[in-house]
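Taking it in order: structure first as structure tokens, then the write-up.
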Amino acid sequence: MPDSRHATTMAGAANRCVIPEYKFNIDHLAELLVYDRTKNPSHYSVVLVSEGAMFEGGEMIFSETTTDAYGHKKLGGIGDLVSAELKERTTQFNNGKSVNVINQKLGYMVRAGDPDAIDSIVPWPTGI
């Protein structure tokens, strides 16, 4: 049975999903998204980036240095970094032109709960 990331990826019609279990190559992701974008009649592509995802050679990104009662740091910020990197790196796969990137953070219910139809349609993952 798929977890909430799979359901959100499918419901949001995401082309790609970056998850914490596998470190990802940002250049390869940029190349794939430009490819997906050229194949889409509307000329856009969507990537869902899970908190806890890590660049190859990188570490997890935390939103703050404080910890909870159990000593865990709060994850946050990987989507912002991926958005900025994709905007910069897509030029090498898009004839030197930067691709516009929109970064949208999903709400708690879509990430952690069972989304209803509206929750699955309204928020969009980071897309280019």
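Residue numbers start at 1 in each chain; chains themselves are named A, B, ... in the order of the structure tokens; ligands are numbered from 1 in the order shown.
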
Residue contacts of Arg16 of chain A (7 Å, only C-alpha atoms) excluding same-chain residues fewer than 5 positions away, as a PyMOL selection string
chain A and resi 46-48

Margin query: Which residues are close to segment 19-22 of chain A, i.e. within 8 Å by only C-alpha atoms, leaving aside same-chain residues fewer than 2 positions away? Reply as an MDAnalysis selection string.
Written below: chainID A and resid 17 24 49:54

Hey, can you spit out that residue selection with C-alpha atoms as a PDB file, in the first residue's frame?
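For reference, again_28.pdb as written:
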ATOM      1  CA  CYS A  17       9.427  12.716  -6.168  1.00  0.00           C
ATOM      2  CA  PHE A  24      19.687  12.691  -5.141  1.00  0.00           C
ATOM      3  CA  VAL A  49      10.437  17.137  -2.336  1.00  0.00           C
ATOM      4  CA  SER A  50      10.035  15.390   1.015  1.00  0.00           C
ATOM      5  CA  GLU A  51      11.508  16.948   4.143  1.00  0.00           C
ATOM      6  CA  GLY A  52      14.541  14.888   5.052  1.00  0.00           C
ATOM      7  CA  ALA A  53      15.620  14.505   1.411  1.00  0.00           C
ATOM      8  CA  MET A  54      19.347  15.058   0.891  1.00  0.00           C
TER       9      MET A  54
END

Close residues, Tyr35 of chain A itself excluded, 9 Å, only C-alpha atoms, min 3 positions apart in chain, as a PDB file with all heavy atoms, in the first residue's frame:
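Contents of the output file around03.pdb:
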ATOM      1  N   ALA A  30      17.459  18.259 -12.353  1.00  0.00           N
ATOM      2  CA  ALA A  30      17.215  19.393 -13.246  1.00  0.00           C
ATOM      3  C   ALA A  30      17.044  18.919 -14.684  1.00  0.00           C
ATOM      4  O   ALA A  30      16.133  19.359 -15.401  1.00  0.00           O
ATOM      5  CB  ALA A  30      18.351  20.405 -13.146  1.00  0.00           C
ATOM      6  N   GLU A  31      17.900  18.003 -15.107  1.00  0.00           N
ATOM      7  CA  GLU A  31      17.814  17.459 -16.466  1.00  0.00           C
ATOM      8  C   GLU A  31      16.477  16.734 -16.691  1.00  0.00           C
ATOM      9  O   GLU A  31      15.815  16.932 -17.713  1.00  0.00           O
ATOM     10  CB  GLU A  31      18.975  16.509 -16.716  1.00  0.00           C
ATOM     11  CG  GLU A  31      18.990  15.909 -18.101  1.00  0.00           C
ATOM     12  CD  GLU A  31      20.163  14.977 -18.327  1.00  0.00           C
ATOM     13  OE1 GLU A  31      20.785  14.511 -17.337  1.00  0.00           O
ATOM     14  OE2 GLU A  31      20.454  14.695 -19.496  1.00  0.00           O
ATOM     15  N   LEU A  32      16.071  15.916 -15.720  1.00  0.00           N
ATOM     16  CA  LEU A  32      14.812  15.188 -15.836  1.00  0.00           C
ATOM     17  C   LEU A  32      13.611  16.127 -15.890  1.00  0.00           C
ATOM     18  O   LEU A  32      12.670  15.920 -16.672  1.00  0.00           O
ATOM     19  CB  LEU A  32      14.642  14.209 -14.666  1.00  0.00           C
ATOM     20  CG  LEU A  32      15.571  13.006 -14.662  1.00  0.00           C
ATOM     21  CD1 LEU A  32      15.460  12.261 -13.332  1.00  0.00           C
ATOM     22  CD2 LEU A  32      15.268  12.082 -15.832  1.00  0.00           C
ATOM     23  N   THR A  38       9.491  19.603 -21.436  1.00  0.00           N
ATOM     24  CA  THR A  38       9.389  19.672 -22.896  1.00  0.00           C
ATOM     25  C   THR A  38       8.370  18.671 -23.442  1.00  0.00           C
ATOM     26  O   THR A  38       7.789  18.891 -24.496  1.00  0.00           O
ATOM     27  CB  THR A  38      10.748  19.421 -23.575  1.00  0.00           C
ATOM     28  OG1 THR A  38      11.234  18.133 -23.202  1.00  0.00           O
ATOM     29  CG2 THR A  38      11.749  20.491 -23.180  1.00  0.00           C
ATOM     30  N   LYS A  39       8.143  17.579 -22.713  1.00  0.00           N
ATOM     31  CA  LYS A  39       7.176  16.561 -23.154  1.00  0.00           C
ATOM     32  C   LYS A  39       5.743  16.912 -22.769  1.00  0.00           C
ATOM     33  O   LYS A  39       4.803  16.351 -23.327  1.00  0.00           O
ATOM     34  CB  LYS A  39       7.535  15.187 -22.564  1.00  0.00           C
ATOM     35  CG  LYS A  39       8.877  14.675 -23.019  1.00  0.00           C
ATOM     36  CD  LYS A  39       8.898  14.480 -24.507  1.00  0.00           C
ATOM     37  CE  LYS A  39      10.237  14.002 -24.983  1.00  0.00           C
ATOM     38  NZ  LYS A  39      10.407  14.148 -26.420  1.00  0.00           N
ATOM     39  N   ASN A  40       5.557  17.833 -21.828  1.00  0.00           N
ATOM     40  CA  ASN A  40       4.224  18.218 -21.379  1.00  0.00           C
ATOM     41  C   ASN A  40       3.670  19.306 -22.300  1.00  0.00           C
ATOM     42  O   ASN A  40       4.309  20.336 -22.492  1.00  0.00           O
ATOM     43  CB  ASN A  40       4.307  18.742 -19.935  1.00  0.00           C
ATOM     44  CG  ASN A  40       2.957  19.067 -19.349  1.00  0.00           C
ATOM     45  OD1 ASN A  40       2.008  19.407 -20.042  1.00  0.00           O
ATOM     46  ND2 ASN A  40       2.880  18.979 -18.043  1.00  0.00           N
ATOM     47  N   SER A  45       6.552  21.081 -15.337  1.00  0.00           N
ATOM     48  CA  SER A  45       6.779  19.803 -14.668  1.00  0.00           C
ATOM     49  C   SER A  45       6.738  20.059 -13.175  1.00  0.00           C
ATOM     50  O   SER A  45       6.927  21.180 -12.715  1.00  0.00           O
ATOM     51  CB  SER A  45       8.097  19.159 -15.093  1.00  0.00           C
ATOM     52  OG  SER A  45       9.185  19.991 -14.812  1.00  0.00           O
ATOM     53  N   PHE A  93      20.408  22.626 -19.299  1.00  0.00           N
ATOM     54  CA  PHE A  93      19.599  21.650 -20.033  1.00  0.00           C
ATOM     55  C   PHE A  93      18.481  22.311 -20.832  1.00  0.00           C
ATOM     56  O   PHE A  93      17.681  21.634 -21.461  1.00  0.00           O
ATOM     57  CB  PHE A  93      18.993  20.631 -19.058  1.00  0.00           C
ATOM     58  CG  PHE A  93      20.020  19.993 -18.168  1.00  0.00           C
ATOM     59  CD1 PHE A  93      20.118  20.352 -16.837  1.00  0.00           C
ATOM     60  CD2 PHE A  93      20.910  19.060 -18.679  1.00  0.00           C
ATOM     61  CE1 PHE A  93      21.076  19.777 -16.004  1.00  0.00           C
ATOM     62  CE2 PHE A  93      21.874  18.485 -17.865  1.00  0.00           C
ATOM     63  CZ  PHE A  93      21.959  18.846 -16.531  1.00  0.00           C
ATOM     64  N   ASN A  94      18.428  23.652 -20.812  1.00  0.00           N
ATOM     65  CA  ASN A  94      17.338  24.394 -21.449  1.00  0.00           C
ATOM     66  C   ASN A  94      17.893  25.507 -22.341  1.00  0.00           C
ATOM     67  O   ASN A  94      17.440  26.646 -22.279  1.00  0.00           O
ATOM     68  CB  ASN A  94      16.406  24.964 -20.361  1.00  0.00           C
ATOM     69  CG  ASN A  94      15.105  25.472 -20.926  1.00  0.00           C
ATOM     70  OD1 ASN A  94      14.526  24.858 -21.806  1.00  0.00           O
ATOM     71  ND2 ASN A  94      14.641  26.594 -20.403  1.00  0.00           N
TER      72      ASN A  94
END

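Rounded to one decimal, atom CA of Val34 of chain A and atom CA of Glu85 of chain A lie 13.3 Å from each other.
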